[in-house]
Amino acid sequence: MGDKSNDKRVSSSENRGLFGYLVAVPVYIFITLFVSALISTAIEWCGMAFDWWEPSGLAHSQAMVQQELAYLNIKLEHNALELFTGVTAKSIFDSTVGTIASWMSDLGVMSLGQVDGGGVSTYLGAAVNMMLLTFIRFFVFIFSLVMFAFFGAVGFVIGIFERDKRRAGGGRESGAIFKLSRSLVVPSFSFAAFLYLAWPNSIDPVFIIFPFAAGFGVAVAYTTASYKKYI
């Protein structure tokens with residue numbers, strides 16, 4: 001009887017843990033998007049106030065949105081998703097984020113963008129544009145996860161090979177290397193997302209995502225290679 005009750009408690013705890021995880025992930029994503037949009041907006045407002053940007057004023061955020069849409073069309077026109085489903089990433093964008101983007105663009109660029117000078121409406125228009133920019137970049141990042149998966153798979157295979165070599169050769173285990181490399185797996189992914197979403201200027205996503213994806217693969221490789229020899 002005692003064993004059955006313990007099994008029930010363990011099962012209940014696991015279910016609560018899984019439910020909590022499923023709830024926590026969307027919350028973390030929302031917080032990341034919100035904080036990134038706030039930081040981007042704050043930087044954009046500072047640039048507008050101190051005349052850092054070229055072009056100046058609201059035109060800078062408008063130009064950023066147009067450039068990011070151009071990156072989206074180029075990078076996601078032929079995505080790996082199309083090979084398996086026949087559905088292009090661009091069509092998904094047009095039916096989801098693109099609808100929101102169109103509405104926000106009309107609100108921010110057409111209505112608020114008519115105001116001359118540096119009035120409050122101009123700053124509000126820039127804020128709307130930065131929110132739109134955050135949505136676009138988040139969509140691009142989601143479809144760039146294939147790159148993280150590729151580097152992670154390569155790193156895992158290399159790590160397994162190195163681990164087998166260490167087992168066969170009687171190599172020493174290093175708990176410090178395992179803990180350090182494991183601690184870098186999640187930050188190499190999450191920091192890339194935060195940095196890309198909050199970047200103050202238009203930038204090709206490859207310049208941010210590729211280095212962090214490669215770092216993710218290296219971290220996975222070292223984590224796998226340094227895992228204990230005998231399970």
# chains A, B, ... in the order shown; residues from 1 in each chain; ligands from 1

$ residues_around --residues "Phe148 of chain A" --least-positions-apart "6" --cutoff "9 Å" --atoms "only C-alpha atoms" --output "list in words"
Phe189, Ile209, Phe210, Phe212, Ala213, Ala214, Phe216 and Gly217 of chain A

$ residues_around --residues "Val154 of chain A" --least-positions-apart "2" --cutoff "9 Å" --atoms "only C-alpha atoms" --output "ChimeraX atom specification"
/A:149-152,156-159,217-218,220-221

$ atom_distance --atom1 "atom CA of Ser56 of chain A" --atom2 "atom CA of Pro205 of chain A"
23.6 Å

$ closest_residue --among "A:Leu180, A:Leu197, A:Ile43, A:Ala225" --to "Ile160 of chain A" --atoms "only C-alpha atoms"
A:Ala225

$ atom_distance --atom1 "atom CA of Ala198 of chain A" --atom2 "atom CA of Val146 of chain A"
21.2 Å

$ atom_distance --atom1 "atom CA of Cys46 of chain A" --atom2 "atom CA of Phe194 of chain A"
19.7 Å

$ closest_residue --among "A:Phe161, A:Gln66, A:Leu72, A:Tyr196" --to "Phe143 of chain A" --atoms "only C-alpha atoms"
A:Leu72

$ residues_around --residues "Met131 of chain A" --least-positions-apart "6" --cutoff "9 Å" --atoms "only C-alpha atoms" --output "PyMOL selection string"
chain A and resi 33-34+36-38+40-41+104

$ write_last_selection --atoms "all heavy atoms" --output "PDB file, in the first residue's frame"
ATOM      1  N   LEU A  33       9.370  39.012 -25.018  1.00  0.00           N
ATOM      2  CA  LEU A  33       8.895  39.931 -26.050  1.00  0.00           C
ATOM      3  C   LEU A  33       8.614  41.312 -25.471  1.00  0.00           C
ATOM      4  O   LEU A  33       8.980  42.336 -26.072  1.00  0.00           O
ATOM      5  CB  LEU A  33       7.630  39.368 -26.698  1.00  0.00           C
ATOM      6  CG  LEU A  33       7.805  38.162 -27.623  1.00  0.00           C
ATOM      7  CD1 LEU A  33       6.440  37.627 -28.049  1.00  0.00           C
ATOM      8  CD2 LEU A  33       8.621  38.530 -28.843  1.00  0.00           C
ATOM      9  N   PHE A  34       7.973  41.356 -24.314  1.00  0.00           N
ATOM     10  CA  PHE A  34       7.608  42.629 -23.692  1.00  0.00           C
ATOM     11  C   PHE A  34       8.850  43.432 -23.308  1.00  0.00           C
ATOM     12  O   PHE A  34       8.958  44.628 -23.611  1.00  0.00           O
ATOM     13  CB  PHE A  34       6.727  42.371 -22.473  1.00  0.00           C
ATOM     14  CG  PHE A  34       6.262  43.617 -21.777  1.00  0.00           C
ATOM     15  CD1 PHE A  34       5.280  44.414 -22.344  1.00  0.00           C
ATOM     16  CD2 PHE A  34       6.807  43.990 -20.560  1.00  0.00           C
ATOM     17  CE1 PHE A  34       4.852  45.564 -21.707  1.00  0.00           C
ATOM     18  CE2 PHE A  34       6.383  45.140 -19.912  1.00  0.00           C
ATOM     19  CZ  PHE A  34       5.404  45.942 -20.493  1.00  0.00           C
ATOM     20  N   SER A  36      11.933  43.062 -24.440  1.00  0.00           N
ATOM     21  CA  SER A  36      12.677  43.425 -25.646  1.00  0.00           C
ATOM     22  C   SER A  36      12.047  44.633 -26.331  1.00  0.00           C
ATOM     23  O   SER A  36      12.749  45.542 -26.791  1.00  0.00           O
ATOM     24  CB  SER A  36      12.729  42.242 -26.613  1.00  0.00           C
ATOM     25  OG  SER A  36      13.383  41.135 -26.035  1.00  0.00           O
ATOM     26  N   ALA A  37      10.711  44.637 -26.412  1.00  0.00           N
ATOM     27  CA  ALA A  37      10.028  45.773 -27.026  1.00  0.00           C
ATOM     28  C   ALA A  37      10.247  47.046 -26.219  1.00  0.00           C
ATOM     29  O   ALA A  37      10.446  48.131 -26.800  1.00  0.00           O
ATOM     30  CB  ALA A  37       8.531  45.477 -27.154  1.00  0.00           C
ATOM     31  N   LEU A  38      10.244  46.948 -24.896  1.00  0.00           N
ATOM     32  CA  LEU A  38      10.484  48.123 -24.057  1.00  0.00           C
ATOM     33  C   LEU A  38      11.894  48.660 -24.257  1.00  0.00           C
ATOM     34  O   LEU A  38      12.096  49.875 -24.384  1.00  0.00           O
ATOM     35  CB  LEU A  38      10.270  47.766 -22.579  1.00  0.00           C
ATOM     36  CG  LEU A  38       8.825  47.629 -22.084  1.00  0.00           C
ATOM     37  CD1 LEU A  38       8.814  47.316 -20.599  1.00  0.00           C
ATOM     38  CD2 LEU A  38       8.033  48.914 -22.358  1.00  0.00           C
ATOM     39  N   SER A  40      13.902  48.187 -26.864  1.00  0.00           N
ATOM     40  CA  SER A  40      14.016  48.731 -28.219  1.00  0.00           C
ATOM     41  C   SER A  40      13.364  50.107 -28.308  1.00  0.00           C
ATOM     42  O   SER A  40      13.909  51.032 -28.929  1.00  0.00           O
ATOM     43  CB  SER A  40      13.365  47.776 -29.222  1.00  0.00           C
ATOM     44  OG  SER A  40      14.008  46.527 -29.227  1.00  0.00           O
ATOM     45  N   THR A  41      12.197  50.241 -27.688  1.00  0.00           N
ATOM     46  CA  THR A  41      11.500  51.523 -27.721  1.00  0.00           C
ATOM     47  C   THR A  41      12.283  52.595 -26.975  1.00  0.00           C
ATOM     48  O   THR A  41      12.386  53.745 -27.447  1.00  0.00           O
ATOM     49  CB  THR A  41      10.099  51.384 -27.104  1.00  0.00           C
ATOM     50  OG1 THR A  41       9.355  50.399 -27.839  1.00  0.00           O
ATOM     51  CG2 THR A  41       9.356  52.701 -27.139  1.00  0.00           C
ATOM     52  N   MET A 104      -1.020  47.241 -37.239  1.00  0.00           N
ATOM     53  CA  MET A 104      -0.145  48.109 -36.445  1.00  0.00           C
ATOM     54  C   MET A 104       0.572  49.118 -37.328  1.00  0.00           C
ATOM     55  O   MET A 104       0.819  50.251 -36.928  1.00  0.00           O
ATOM     56  CB  MET A 104       0.869  47.258 -35.675  1.00  0.00           C
ATOM     57  CG  MET A 104       0.266  46.394 -34.596  1.00  0.00           C
ATOM     58  SD  MET A 104       1.490  45.404 -33.709  1.00  0.00           S
ATOM     59  CE  MET A 104       2.416  46.689 -32.888  1.00  0.00           C
TER      60      MET A 104
END

$ closest_residue --among "A:Ala153, A:Leu58, A:Ile29, A:Ala219" --to "Tyr123 of chain A" --atoms "only C-alpha atoms"
A:Leu58

$ select_by_dssp --residues "segment 153-210 of chain A" --states "helix (DSSP H, G or I)" --output "PyMOL selection string"
chain A and resi 153-169+175-198+206-210
